[in-house]
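Pasting final.cif here (mmCIF, C-alpha atoms):
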```
data_upload
#
loop_
_atom_site.group_PDB
_atom_site.id
_atom_site.type_symbol
_atom_site.label_atom_id
_atom_site.label_comp_id
_atom_site.auth_asym_id
_atom_site.auth_seq_id
_atom_site.Cartn_x
_atom_site.Cartn_y
_atom_site.Cartn_z
ATOM 1 C CA MET A 1372 0.000 0.000 0.000
ATOM 2 C CA LEU A 1373 1.491 3.285 -1.120
ATOM 3 C CA HIS A 1374 1.539 6.498 0.866
ATOM 4 C CA ILE A 1375 1.743 9.398 -1.558
ATOM 5 C CA VAL A 1376 2.065 13.011 -0.426
ATOM 6 C CA ALA A 1377 1.212 15.807 -2.843
ATOM 7 C CA CYS A 1378 2.707 19.203 -1.997
ATOM 8 C CA ILE A 1379 0.300 21.942 -3.073
ATOM 9 C CA LYS A 1380 -0.121 25.689 -2.916
ATOM 10 C CA GLN A 1381 -2.998 28.145 -2.991
ATOM 11 C CA VAL A 1382 -2.230 30.908 -5.501
ATOM 12 C CA PRO A 1383 -3.967 33.967 -6.947
ATOM 13 C CA ASP A 1384 -5.609 33.411 -10.315
ATOM 14 C CA THR A 1385 -3.050 35.081 -12.580
ATOM 15 C CA LYS A 1386 -5.570 35.363 -15.412
ATOM 16 C CA VAL A 1387 -7.353 38.169 -13.599
ATOM 17 C CA ILE A 1388 -4.778 39.505 -11.158
ATOM 18 C CA LYS A 1389 -3.755 43.159 -11.292
ATOM 19 C CA MET A 1390 -0.525 44.933 -10.493
ATOM 20 C CA ASN A 1391 -0.183 47.690 -7.907
ATOM 21 C CA PRO A 1392 1.410 50.592 -9.845
ATOM 22 C CA LYS A 1393 2.748 52.189 -6.648
ATOM 23 C CA THR A 1394 4.467 49.165 -5.142
ATOM 24 C CA ASN A 1395 5.124 47.216 -8.371
ATOM 25 C CA THR A 1396 3.819 44.069 -6.691
ATOM 26 C CA MET A 1397 0.906 41.761 -7.374
ATOM 27 C CA ASP A 1398 -2.353 42.885 -5.827
ATOM 28 C CA ARG A 1399 -3.412 39.497 -4.472
ATOM 29 C CA SER A 1400 -6.737 40.916 -3.301
ATOM 30 C CA SER A 1401 -7.689 41.614 -6.924
ATOM 31 C CA ALA A 1402 -7.944 37.931 -7.845
ATOM 32 C CA PRO A 1403 -9.611 34.874 -6.342
ATOM 33 C CA ALA A 1404 -7.388 32.294 -4.664
ATOM 34 C CA ILE A 1405 -7.263 28.926 -6.426
ATOM 35 C CA LEU A 1406 -5.434 25.618 -6.184
ATOM 36 C CA ASN A 1407 -2.287 25.942 -8.273
ATOM 37 C CA PRO A 1408 -3.205 24.293 -11.618
ATOM 38 C CA TYR A 1409 -0.013 22.215 -11.817
ATOM 39 C CA ASP A 1410 -0.684 20.950 -8.286
ATOM 40 C CA ALA A 1411 -4.198 19.893 -9.280
ATOM 41 C CA HIS A 1412 -2.610 17.555 -11.825
ATOM 42 C CA ALA A 1413 -0.224 16.310 -9.118
ATOM 43 C CA VAL A 1414 -3.138 15.438 -6.832
ATOM 44 C CA GLU A 1415 -5.054 13.847 -9.716
ATOM 45 C CA GLU A 1416 -2.063 11.637 -10.515
ATOM 46 C CA ALA A 1417 -1.642 10.689 -6.867
ATOM 47 C CA VAL A 1418 -5.292 9.651 -6.679
ATOM 48 C CA ARG A 1419 -4.969 7.619 -9.893
ATOM 49 C CA LEU A 1420 -1.928 5.831 -8.500
ATOM 50 C CA LYS A 1421 -3.841 5.101 -5.300
ATOM 51 C CA LYS A 1422 -6.636 3.514 -7.325
ATOM 52 C CA ARG A 1423 -4.079 1.586 -9.364
ATOM 53 C CA TYR A 1424 -1.924 0.249 -6.534
ATOM 54 C CA GLY A 1425 -3.881 0.899 -3.353
ATOM 55 C CA GLY A 1426 -2.841 3.206 -0.554
ATOM 56 C CA THR A 1427 -3.372 6.675 0.846
ATOM 57 C CA VAL A 1428 -3.006 10.162 -0.586
ATOM 58 C CA SER A 1429 -2.101 13.037 1.717
ATOM 59 C CA VAL A 1430 -1.703 16.672 0.711
ATOM 60 C CA LEU A 1431 0.556 19.243 2.337
ATOM 61 C CA THR A 1432 0.596 23.005 2.004
ATOM 62 C CA MET A 1433 2.174 26.014 3.673
ATOM 63 C CA GLY A 1434 0.202 29.222 3.788
ATOM 64 C CA PRO A 1435 -2.176 31.498 5.684
ATOM 65 C CA PRO A 1436 -5.366 30.054 7.240
ATOM 66 C CA PRO A 1437 -7.502 30.620 4.084
ATOM 67 C CA ALA A 1438 -5.301 28.049 2.290
ATOM 68 C CA VAL A 1439 -7.521 25.441 3.939
ATOM 69 C CA LYS A 1440 -9.754 25.901 0.890
ATOM 70 C CA ALA A 1441 -7.014 24.470 -1.337
ATOM 71 C CA ILE A 1442 -6.810 21.381 0.876
ATOM 72 C CA LYS A 1443 -10.571 20.927 0.711
ATOM 73 C CA LYS A 1444 -10.335 21.117 -3.085
ATOM 74 C CA CYS A 1445 -7.829 18.270 -2.975
ATOM 75 C CA ILE A 1446 -10.188 16.228 -0.802
ATOM 76 C CA GLU A 1447 -12.793 16.766 -3.533
ATOM 77 C CA LEU A 1448 -10.318 15.358 -6.043
ATOM 78 C CA GLY A 1449 -9.887 12.210 -3.954
ATOM 79 C CA ALA A 1450 -7.145 12.906 -1.409
ATOM 80 C CA ASP A 1451 -7.569 11.214 1.964
ATOM 81 C CA GLU A 1452 -5.755 13.519 4.392
ATOM 82 C CA GLY A 1453 -4.687 17.136 4.442
ATOM 83 C CA TYR A 1454 -1.914 18.864 6.380
ATOM 84 C CA MET A 1455 -1.182 22.581 6.592
ATOM 85 C CA ILE A 1456 1.633 24.451 8.269
ATOM 86 C CA THR A 1457 0.722 28.033 9.037
ATOM 87 C CA ASP A 1458 2.591 30.507 11.184
ATOM 88 C CA ARG A 1459 3.831 34.074 10.921
ATOM 89 C CA ALA A 1460 7.332 32.611 11.134
ATOM 90 C CA PHE A 1461 6.836 31.229 7.601
ATOM 91 C CA ALA A 1462 5.823 34.594 6.100
ATOM 92 C CA GLY A 1463 7.916 35.990 3.266
ATOM 93 C CA ALA A 1464 9.615 32.683 2.512
ATOM 94 C CA ASP A 1465 11.422 32.251 -0.793
ATOM 95 C CA THR A 1466 11.807 28.852 -2.434
ATOM 96 C CA LEU A 1467 14.737 27.898 -0.187
ATOM 97 C CA ALA A 1468 12.884 28.661 3.047
ATOM 98 C CA THR A 1469 9.686 27.120 1.695
ATOM 99 C CA SER A 1470 11.374 23.825 0.851
ATOM 100 C CA TYR A 1471 12.958 23.796 4.318
ATOM 101 C CA ALA A 1472 9.630 24.282 6.109
ATOM 102 C CA LEU A 1473 7.816 21.725 3.950
ATOM 103 C CA THR A 1474 10.602 19.209 4.545
ATOM 104 C CA LYS A 1475 10.158 19.540 8.305
ATOM 105 C CA ALA A 1476 6.422 18.940 7.872
ATOM 106 C CA LEU A 1477 7.076 15.933 5.634
ATOM 107 C CA ASN A 1478 9.354 14.472 8.309
ATOM 108 C CA LYS A 1479 6.502 14.708 10.797
ATOM 109 C CA ILE A 1480 4.015 13.166 8.365
ATOM 110 C CA ALA A 1481 6.463 10.321 7.711
ATOM 111 C CA LYS A 1482 6.426 9.467 11.428
ATOM 112 C CA ILE A 1483 2.643 9.100 11.230
ATOM 113 C CA ARG A 1484 2.822 7.012 8.049
ATOM 114 C CA PRO A 1485 6.042 6.345 6.047
ATOM 115 C CA ILE A 1486 6.093 8.159 2.700
ATOM 116 C CA ASP A 1487 6.773 6.247 -0.514
ATOM 117 C CA LEU A 1488 6.339 9.029 -3.052
ATOM 118 C CA ILE A 1489 6.085 12.833 -3.089
ATOM 119 C CA ILE A 1490 4.367 14.539 -6.023
ATOM 120 C CA CYS A 1491 4.531 18.256 -6.801
ATOM 121 C CA GLY A 1492 3.342 20.344 -9.692
ATOM 122 C CA LYS A 1493 6.041 21.439 -12.130
ATOM 123 C CA MET A 1494 5.815 24.981 -10.743
ATOM 124 C CA THR A 1495 3.381 27.507 -9.288
ATOM 125 C CA ILE A 1496 1.777 30.106 -11.535
ATOM 126 C CA ASP A 1497 2.597 32.950 -9.137
ATOM 127 C CA GLY A 1498 6.329 32.188 -8.927
ATOM 128 C CA ASP A 1499 7.181 30.080 -11.997
ATOM 129 C CA THR A 1500 10.475 28.944 -10.464
ATOM 130 C CA GLY A 1501 10.034 25.162 -10.304
ATOM 131 C CA GLN A 1502 12.518 25.101 -7.414
ATOM 132 C CA VAL A 1503 10.509 23.943 -4.398
ATOM 133 C CA GLY A 1504 10.048 20.325 -5.494
ATOM 134 C CA PRO A 1505 13.738 19.678 -6.231
ATOM 135 C CA GLY A 1506 14.593 21.617 -3.061
ATOM 136 C CA ILE A 1507 12.496 19.236 -0.984
ATOM 137 C CA ALA A 1508 14.093 16.226 -2.661
ATOM 138 C CA ARG A 1509 17.581 17.571 -1.984
ATOM 139 C CA ARG A 1510 16.839 18.131 1.695
ATOM 140 C CA LEU A 1511 15.304 14.659 2.035
ATOM 141 C CA ASP A 1512 18.168 13.131 0.017
ATOM 142 C CA ILE A 1513 15.801 11.376 -2.403
ATOM 143 C CA PRO A 1514 15.857 11.380 -6.235
ATOM 144 C CA PRO A 1515 13.988 14.282 -7.888
ATOM 145 C CA LEU A 1516 12.322 13.431 -11.219
ATOM 146 C CA THR A 1517 11.257 16.634 -12.939
ATOM 147 C CA GLY A 1518 9.151 17.096 -16.058
ATOM 148 C CA VAL A 1519 7.232 13.865 -15.445
ATOM 149 C CA LYS A 1520 4.585 13.382 -18.150
ATOM 150 C CA LYS A 1521 3.700 9.730 -17.542
ATOM 151 C CA VAL A 1522 4.029 7.250 -14.694
ATOM 152 C CA VAL A 1523 4.724 3.818 -16.170
ATOM 153 C CA GLU A 1524 5.088 1.776 -13.000
ATOM 154 C CA ILE A 1525 5.394 2.032 -9.235
ATOM 155 C CA ASN A 1526 6.773 -1.107 -7.570
ATOM 156 C CA LYS A 1527 6.898 -0.682 -3.802
ATOM 157 C CA GLU A 1528 7.956 -4.271 -3.148
ATOM 158 C CA GLN A 1529 11.077 -3.941 -5.295
ATOM 159 C CA GLY A 1530 11.458 -0.251 -4.472
ATOM 160 C CA TYR A 1531 11.452 1.486 -7.833
ATOM 161 C CA ALA A 1532 9.415 3.773 -10.089
ATOM 162 C CA VAL A 1533 9.516 4.139 -13.879
ATOM 163 C CA VAL A 1534 8.408 7.372 -15.554
ATOM 164 C CA HIS A 1535 8.595 9.306 -18.804
ATOM 165 C CA ARG A 1536 10.327 12.680 -18.449
ATOM 166 C CA LYS A 1537 9.512 15.431 -20.908
ATOM 167 C CA LEU A 1538 12.360 16.765 -23.046
ATOM 168 C CA GLU A 1539 12.390 19.520 -25.646
ATOM 169 C CA ASP A 1540 12.574 17.010 -28.498
ATOM 170 C CA GLY A 1541 10.800 13.991 -27.002
ATOM 171 C CA TYR A 1542 10.949 12.127 -23.716
ATOM 172 C CA GLU A 1543 13.223 9.820 -21.764
ATOM 173 C CA VAL A 1544 12.361 6.717 -19.738
ATOM 174 C CA VAL A 1545 13.820 6.873 -16.234
ATOM 175 C CA GLN A 1546 13.846 4.328 -13.420
ATOM 176 C CA SER A 1547 14.347 5.607 -9.892
ATOM 177 C CA THR A 1548 14.535 4.097 -6.447
ATOM 178 C CA LEU A 1549 11.747 4.750 -3.942
ATOM 179 C CA PRO A 1550 11.092 6.983 -2.146
ATOM 180 C CA CYS A 1551 11.461 9.719 -4.724
ATOM 181 C CA LEU A 1552 9.824 12.973 -5.807
ATOM 182 C CA PHE A 1553 7.930 13.689 -9.032
ATOM 183 C CA ALA A 1554 7.450 17.202 -10.415
ATOM 184 C CA VAL A 1555 4.696 16.687 -12.972
ATOM 185 C CA GLU A 1556 3.670 18.388 -16.192
ATOM 186 C CA LYS A 1557 0.065 19.365 -16.900
ATOM 187 C CA GLU A 1558 -0.123 16.863 -19.750
ATOM 188 C CA ILE A 1559 0.273 13.940 -17.366
ATOM 189 C CA ASN A 1560 -3.515 13.722 -16.996
ATOM 190 C CA GLU A 1561 -6.873 15.464 -17.187
ATOM 191 C CA VAL A 1562 -8.191 16.590 -13.817
ATOM 192 C CA SER A 1563 -11.436 14.766 -13.073
ATOM 193 C CA PHE A 1564 -14.687 16.350 -11.931
ATOM 194 C CA ALA A 1565 -15.267 15.823 -8.214
ATOM 195 C CA PRO A 1566 -18.054 13.326 -7.456
ATOM 196 C CA LEU A 1567 -20.761 14.379 -5.016
ATOM 197 C CA PRO A 1568 -19.577 12.130 -2.118
ATOM 198 C CA ASN A 1569 -16.134 13.724 -2.309
ATOM 199 C CA MET A 1570 -17.650 17.214 -2.291
ATOM 200 C CA ILE A 1571 -19.665 16.384 0.801
ATOM 201 C CA LYS A 1572 -16.577 14.938 2.494
ATOM 202 C CA ALA A 1573 -14.537 18.025 1.589
ATOM 203 C CA ALA A 1574 -17.167 20.396 3.005
ATOM 204 C CA ARG A 1575 -16.956 18.628 6.376
ATOM 205 C CA TYR A 1576 -13.241 17.888 6.359
ATOM 206 C CA GLN A 1577 -10.908 19.602 8.827
ATOM 207 C CA PRO A 1578 -7.205 19.268 7.968
ATOM 208 C CA HIS A 1579 -4.354 18.787 10.397
ATOM 209 C CA ILE A 1580 -2.998 22.279 11.106
ATOM 210 C CA TRP A 1581 0.467 22.745 12.564
ATOM 211 C CA SER A 1582 2.382 25.808 13.682
ATOM 212 C CA VAL A 1583 6.143 26.081 13.736
ATOM 213 C CA ASN A 1584 6.087 24.861 17.347
ATOM 214 C CA ASP A 1585 4.520 21.582 16.217
ATOM 215 C CA LEU A 1586 7.503 20.740 13.992
ATOM 216 C CA GLU A 1587 10.691 19.116 15.242
ATOM 217 C CA ASP A 1588 14.313 20.262 15.025
ATOM 218 C CA VAL A 1589 13.470 23.543 13.312
ATOM 219 C CA ASP A 1590 16.146 26.182 12.813
ATOM 220 C CA ARG A 1591 14.075 29.376 12.816
ATOM 221 C CA LYS A 1592 16.874 31.215 11.027
ATOM 222 C CA GLN A 1593 15.997 29.172 7.924
ATOM 223 C CA LEU A 1594 12.316 30.193 7.952
ATOM 224 C CA GLY A 1595 10.461 33.129 6.425
ATOM 225 C CA LEU A 1596 12.323 36.289 5.487
ATOM 226 C CA LYS A 1597 15.280 35.416 7.728
ATOM 227 C CA GLY A 1598 15.859 32.203 5.814
ATOM 228 C CA SER A 1599 15.302 33.727 2.369
ATOM 229 C CA PRO A 1600 18.488 34.847 0.599
ATOM 230 C CA THR A 1601 16.565 35.877 -2.524
ATOM 231 C CA ILE A 1602 14.370 38.962 -2.661
ATOM 232 C CA VAL A 1603 11.939 39.980 -5.395
ATOM 233 C CA ALA A 1604 12.865 43.613 -5.923
ATOM 234 C CA LYS A 1605 10.177 44.408 -8.452
ATOM 235 C CA VAL A 1606 7.322 42.750 -10.318
ATOM 236 C CA TRP A 1607 5.620 44.315 -13.308
ATOM 237 C CA ALA A 1608 3.217 43.409 -16.046
ATOM 238 C CA PRO A 1609 4.946 42.996 -19.433
ATOM 239 C CA PRO A 1610 3.998 45.591 -22.039
ATOM 240 C CA LYS A 1611 1.393 44.567 -24.545
ATOM 241 C CA PRO A 1612 2.948 43.484 -27.849
ATOM 242 C CA GLU A 1613 2.804 45.988 -30.653
ATOM 243 C CA GLY A 1614 0.366 45.322 -33.443
ATOM 244 C CA GLY A 1615 1.605 44.255 -36.836
ATOM 245 C CA LYS A 1616 2.390 46.840 -39.495
ATOM 246 C CA LEU A 1617 0.740 46.580 -42.889
ATOM 247 C CA LEU A 1618 3.106 47.313 -45.748
ATOM 248 C CA GLU A 1619 1.661 49.190 -48.678
ATOM 249 C CA GLY A 1620 2.895 50.246 -52.086
ATOM 250 C CA SER A 1621 4.747 48.406 -54.823
ATOM 251 C CA PRO A 1622 7.007 45.417 -54.101
ATOM 252 C CA GLU A 1623 10.041 47.686 -54.393
ATOM 253 C CA GLU A 1624 8.557 50.149 -51.892
ATOM 254 C CA GLN A 1625 7.664 47.340 -49.497
ATOM 255 C CA VAL A 1626 11.243 46.031 -49.634
ATOM 256 C CA LYS A 1627 12.519 49.492 -48.700
ATOM 257 C CA GLN A 1628 10.093 49.604 -45.776
ATOM 258 C CA ILE A 1629 11.281 46.188 -44.556
ATOM 259 C CA VAL A 1630 14.939 47.235 -44.773
ATOM 260 C CA SER A 1631 14.135 50.436 -42.865
ATOM 261 C CA ILE A 1632 12.409 48.448 -40.107
ATOM 262 C CA VAL A 1633 15.319 45.982 -39.850
ATOM 263 C CA LEU A 1634 17.814 48.832 -39.558
ATOM 264 C CA GLU A 1635 15.753 50.393 -36.773
ATOM 265 C CA LYS A 1636 15.856 47.089 -34.877
ATOM 266 C CA LYS A 1637 19.423 46.169 -35.801
ATOM 267 C CA GLU A 1638 20.466 45.774 -32.157
ATOM 268 C CA LEU A 1639 18.313 42.634 -32.077
ATOM 269 C CA PHE A 1640 20.426 41.051 -34.798
ATOM 270 C CA GLN A 1641 23.921 42.089 -33.751
ATOM 271 C CA GLY A 1642 26.139 39.158 -32.923
ATOM 272 C CA LYS A 1643 23.708 36.675 -34.465
ATOM 273 C CA GLY A 1644 24.940 36.666 -38.020
ATOM 274 C CA GLY A 1645 22.521 39.397 -39.030
ATOM 275 C CA VAL A 1646 22.825 43.124 -39.579
ATOM 276 C CA GLN A 1647 26.136 44.506 -38.321
#
```
Could I get this structure in the form of structure tokens?
Amino acid sequence: MLHIVACIKQVPDTKVIKMNPKTNTMDRSSAPAILNPYDAHAVEEAVRLKKRYGGTVSVLTMGPPPAVKAIKKCIELGADEGYMITDRAFAGADTLATSYALTKALNKIAKIRPIDLIICGKMTIDGDTGQVGPGIARRLDIPPLTGVKKVVEINKEQGYAVVHRKLEDGYEVVQSTLPCLFAVEKEINEVSFAPLPNMIKAARYQPHIWSVNDLEDVDRKQLGLKGSPTIVAKVWAPPKPEGGKLLEGSPEEQVKQIVSIVLEKKELFQGKGGVQ
């Protein structure tokens, strides 16, 4: 029986989020909070593996109290247990501090029930770093398999997993020892609609909530802002792309217009075998 833990995050819906022009930061109050889409696929895959091999699916998140909603969404998708670490000590954490805190929570979960597999989404849509999953694997000293697009086999008895990893020009088949960590692509599956019994269970479900004091052997200097060596100095919305330009006139005139445009943008071609 497998015990799979999916690490998830509640994020603002970046399709509708706005930027604060004064602070150059995301105005998180301008968008609804949702389960990170990549993490939804991670939970879906964990649930499918549970149905395939038997076992239990737990989900873990770090965030403010409202992040409970993300855990309940995972219960709707078929997860069995939910764990959340929430504390002001975690506030302002970068990917390094986040992976440290989640690792401490995973160690505590493992004492309740040994963990065979950790699944994360490829990245979060509010950070786009893809660093937390591999960071957790490094701290736990287990193999990280990133870009997973298909799980071929999980064999707990013999202690290995076989997956397809996405590459730019195809995929590679990789076998890893268990326990290990998957960082999955969206194409690994289609997220299922939650059945009514799961929705009822999620509405009533209360996750396990831990503060920093509930975790063991925690170095507080590695948490939150104190444990975050990277700082986001500025965030801004990219400018809208310019519309295309319609060339008019004879072919000869159009060629002259094209040459004029290329010369205006010549810095884009310097050093690349183009206009010098």
Do a neighbour search on Pro1578 (chain A) at 9 Å with only C-alpha atoms, toss out local chain neighbours closer than 5 positions, and write the hits as a PDB file with C-alpha atoms, in the coordinates of the input.
```
ATOM      1  CA  VAL A1439      -7.521  25.441   3.939  1.00  0.00           C
ATOM      2  CA  ILE A1442      -6.810  21.381   0.876  1.00  0.00           C
ATOM      3  CA  LYS A1443     -10.571  20.927   0.711  1.00  0.00           C
ATOM      4  CA  GLU A1452      -5.755  13.519   4.392  1.00  0.00           C
ATOM      5  CA  GLY A1453      -4.687  17.136   4.442  1.00  0.00           C
ATOM      6  CA  TYR A1454      -1.914  18.864   6.380  1.00  0.00           C
ATOM      7  CA  MET A1455      -1.182  22.581   6.592  1.00  0.00           C
TER       8      MET A1455
END
```
Quick one, how far is CA of Glu1415 (chain A) from CA of Val1583 (chain A)?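 CA of Glu1415 (chain A) sits 28.7 Å away from CA of Val1583 (chain A).
The space separating CA of Trp1581 (chain A) from CA of Lys1440 (chain A) comes to 15.8 Å.
The interatomic distance for the pair CA of Leu1516 (chain A) and CA of Phe1553 (chain A) works out to 4.9 Å.
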Selection result of the PyMOL selection byres ((chain A and resi 1431) around 8) on this file, as a PyMOL selection string: chain A and resi 1376-1379+1429-1430+1432-1433+1442+1453-1456+1473
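If you measure from each of A:Ala1417, A:Ile1480, A:Cys1445, A:Ile1496 to Val1382 (chain A) using all atoms listed in the file, the closest one turns out to be A:Ile1496.
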Give me, as an mmCIF file with C-alpha atoms, in the coordinates of the input, all polymer residues having an atom no more than 6 Å from Asp1410 (chain A), counting all atoms listed in the file and skipping those fewer than 2 positions away in the same chain.
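Saved the output as selection_5.cif:
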```cif
data_model
loop_
_atom_site.group_PDB
_atom_site.id
_atom_site.type_symbol
_atom_site.label_atom_id
_atom_site.label_comp_id
_atom_site.auth_asym_id
_atom_site.auth_seq_id
_atom_site.Cartn_x
_atom_site.Cartn_y
_atom_site.Cartn_z
ATOM 1 C CA ILE A 1379 0.300 21.942 -3.073
ATOM 2 C CA ASN A 1407 -2.287 25.942 -8.273
ATOM 3 C CA PRO A 1408 -3.205 24.293 -11.618
ATOM 4 C CA HIS A 1412 -2.610 17.555 -11.825
ATOM 5 C CA ALA A 1413 -0.224 16.310 -9.118
ATOM 6 C CA GLY A 1492 3.342 20.344 -9.692
#
```
Where is the centre and how long are the edges: axis-aligned box on region 1461-1464 of chain A, 4 Å on each side, Å to one decimal, as lines of an AutoDock Vina configuration file:
```
center_x = 7.7
center_y = 33.6
center_z = 5.1
size_x = 11.8
size_y = 12.8
size_z = 13.1
```
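Of the listed residues A:Thr1548, A:Thr1495, A:Asn1526, A:Ser1563, the one whose atoms come nearest to Arg1419 (chain A) is A:Ser1563, with distances taken using all atoms listed in the file.
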